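Trainee: I have a structure I would like to understand better, so I am pasting it below and will then ask my questions one at a time.
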Amino acid sequence: MKIALLGYGKMGKAIEQIAIERGHTIGAVVDDASQWANQENSVATCDVAIDFSMPSTAVDNIRRCFSLHVPIVVGTTGWYDQLETLVQQCQEEKQCLFVASNFSIGMNIVFDLNRRLAKLMSRYPEYNVDISETHHIHKLDAPSGTAITLAKEIMENNSRYQKWQLCTEETGEKNVVPIHSERRGEVPGIHTIVYDSPIDTITLSHSAKSRRGLAVGAMIAAEFVVGKEGYYTMQDLLG
């Protein structure tokens, strides 16, 4: 299939490599908004677009792909305040949108474990939860979309928690899921969920070794959406 890359940073280049390894071709590359004028016709000929751009450009990229009737897979985070509106537009216009805060297969296994653990821990109020995430210094949004997903899943499965909050120190609030963010070096991504009590600590953690796992997952998602309509997530892909 022919792929449009929206965003050509380190993730875009990693996806390009995986795409070629899997027998696909790159039909267009759009690295910033100014390039759309020259690349729009090329994007229109592609079977699917993959967006790892910037929070400030992702929404416009999605809408442009809708107008061209090109399915789009989005790994950019930091724009989810507009997700509901775009999902509605996608469904009304019979377009195709696939969104994931993390395309790593291993991380999505952790998402599943996180949901199960949160439900189990709702019976044990002596444990308090805490999330921490560490990424490379080039990541613009904080906390990460993955950390927010983890927090929301905890809230959905444990009624003791009503909101999440980006924290630099302990909040002292029992109904808050605190998230601690660190930007350091070239770290691909580390996410840790901790349940702490006066007598012991339970830790669930995922550490990415490179961007390759994300790139492979994004490519599998792109192969999945070709010819489809509607809104999809990794739960749809992995069953």
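Scheme for the structure tokens: letters A, B, ... for chains in order shown; per-chain residue numbers from 1; ligand numbers from 1 in order shown.
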Could the residues of range 69-97 of chain A that have an atom at most 10 Å from range 143-155 of chain A be listed as a tab-separated table, each with its closest atom pair and the distance in Å to one decimal, counting only C-alpha atoms and ordered by chain and ascending residue number?

Mentor:
residue	atom	partner	partner_atom	distance
A:Gly75	CA	A:Gly145	CA	9.4
A:Thr76	CA	A:Gly145	CA	8.5
A:Thr77	CA	A:Gly145	CA	5.4
A:Gly78	CA	A:Gly145	CA	6.6
A:Trp79	CA	A:Gly145	CA	9.2
A:Tyr80	CA	A:Gly145	CA	8.5

Trainee: Excluding range 28-38 of chain A and residues on its chain fewer than 3 positions from it, collect all residues at most 8 Å away from it, counting only C-alpha atoms, and give them as an MDAnalysis selection string.

Mentor: chainID A and resid 3:9 41:43 46 53 57

Trainee: List the neighbours of range 112-117 of chain A out to 7 Å using only C-alpha atoms; skip same-chain residues closer than 2 positions along the sequence, and give me the result as a list in words.

Mentor: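 Once the adjacent positions are removed, what remains is Asn108, Ile109, Val110, Lys119, Leu120, Met121, Leu150, Glu153, Ile154 and Asn157 of chain A.
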
Trainee: Quick one: which range 99-197 of chain A residues come within 10 Å of range 204-228 of chain A, and what is the nearest atom pair for each with the distance in Å to one decimal, counting only C-alpha atoms, rows ordered by chain and ascending number, as CSV?

Mentor:
residue,atom,partner,partner_atom,distance
A:Val99,CA,A:Ala221,CA,9.3
A:Ala100,CA,A:Ala218,CA,8.8
A:Asn102,CA,A:Leu214,CA,6.9
A:Phe103,CA,A:Gly217,CA,4.8
A:Ser104,CA,A:Leu214,CA,4.7
A:Ile105,CA,A:Gly217,CA,6.6
A:Gly106,CA,A:His206,CA,7.6
A:Met107,CA,A:His206,CA,6.4
A:Asn108,CA,A:His206,CA,9.9
A:Ile109,CA,A:His206,CA,9.6
A:Val110,CA,A:His206,CA,7.1
A:Phe111,CA,A:His206,CA,10.0
A:Leu113,CA,A:Leu204,CA,8.4
A:Asn114,CA,A:Leu204,CA,7.8
A:Leu117,CA,A:Leu204,CA,9.2
A:Ile131,CA,A:Ser205,CA,9.6
A:Ser132,CA,A:Ser205,CA,9.4
A:Glu133,CA,A:Ser207,CA,9.7
A:Thr134,CA,A:Ser207,CA,9.3
A:His135,CA,A:Ala208,CA,9.9
A:Glu186,CA,A:Ser210,CA,9.6
A:Val187,CA,A:Ala208,CA,8.3
A:Pro188,CA,A:Ser210,CA,5.6
A:Gly189,CA,A:Ala208,CA,5.4
A:Ile190,CA,A:Ser207,CA,4.4
A:His191,CA,A:His206,CA,5.4
A:Thr192,CA,A:Ser205,CA,4.2
A:Ile193,CA,A:Leu204,CA,5.1
A:Val194,CA,A:Leu204,CA,6.4
A:Tyr195,CA,A:Leu204,CA,8.7

Trainee: I'd like the contact shell of Tyr232 in chain A - 8 Å cut-off, only C-alpha atoms, skipping same-chain residues fewer than 6 positions apart - returned as a list in words.

Mentor: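 The filter keeps Cys96, Leu97, Phe98 and Val99 of chain A.
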
Trainee: Print the selection's residues with all heavy atoms to a file, as a PDB file, in the first residue's frame.

Mentor:
ATOM      1  N   CYS A  96     -12.412   7.507   8.225  1.00  0.00           N
ATOM      2  CA  CYS A  96     -11.738   6.505   9.052  1.00  0.00           C
ATOM      3  C   CYS A  96     -10.647   7.163   9.876  1.00  0.00           C
ATOM      4  O   CYS A  96      -9.748   7.818   9.326  1.00  0.00           O
ATOM      5  CB  CYS A  96     -11.145   5.397   8.187  1.00  0.00           C
ATOM      6  SG  CYS A  96     -10.397   4.064   9.165  1.00  0.00           S
ATOM      7  N   LEU A  97     -10.725   6.980  11.192  1.00  0.00           N
ATOM      8  CA  LEU A  97      -9.769   7.570  12.131  1.00  0.00           C
ATOM      9  C   LEU A  97      -9.354   6.516  13.145  1.00  0.00           C
ATOM     10  O   LEU A  97     -10.199   5.891  13.782  1.00  0.00           O
ATOM     11  CB  LEU A  97     -10.411   8.761  12.847  1.00  0.00           C
ATOM     12  CG  LEU A  97      -9.623   9.408  13.991  1.00  0.00           C
ATOM     13  CD1 LEU A  97      -8.319  10.019  13.471  1.00  0.00           C
ATOM     14  CD2 LEU A  97     -10.478  10.467  14.691  1.00  0.00           C
ATOM     15  N   PHE A  98      -8.053   6.317  13.279  1.00  0.00           N
ATOM     16  CA  PHE A  98      -7.492   5.396  14.271  1.00  0.00           C
ATOM     17  C   PHE A  98      -6.599   6.220  15.189  1.00  0.00           C
ATOM     18  O   PHE A  98      -5.664   6.858  14.730  1.00  0.00           O
ATOM     19  CB  PHE A  98      -6.678   4.298  13.577  1.00  0.00           C
ATOM     20  CG  PHE A  98      -6.238   3.174  14.478  1.00  0.00           C
ATOM     21  CD1 PHE A  98      -6.741   1.895  14.295  1.00  0.00           C
ATOM     22  CD2 PHE A  98      -5.319   3.380  15.490  1.00  0.00           C
ATOM     23  CE1 PHE A  98      -6.345   0.846  15.108  1.00  0.00           C
ATOM     24  CE2 PHE A  98      -4.908   2.337  16.304  1.00  0.00           C
ATOM     25  CZ  PHE A  98      -5.424   1.065  16.115  1.00  0.00           C
ATOM     26  N   VAL A  99      -6.893   6.209  16.486  1.00  0.00           N
ATOM     27  CA  VAL A  99      -6.131   7.008  17.450  1.00  0.00           C
ATOM     28  C   VAL A  99      -5.607   6.116  18.571  1.00  0.00           C
ATOM     29  O   VAL A  99      -6.347   5.288  19.113  1.00  0.00           O
ATOM     30  CB  VAL A  99      -7.003   8.127  18.058  1.00  0.00           C
ATOM     31  CG1 VAL A  99      -6.238   8.877  19.140  1.00  0.00           C
ATOM     32  CG2 VAL A  99      -7.468   9.095  16.969  1.00  0.00           C
TER      33      VAL A  99
END

Trainee: Find, counting only C-alpha atoms, the residue in A:Phe66, A:Phe52, A:Tyr161, A:Tyr127 that gets nearest to Glu173 in chain A.

Mentor: A:Tyr161
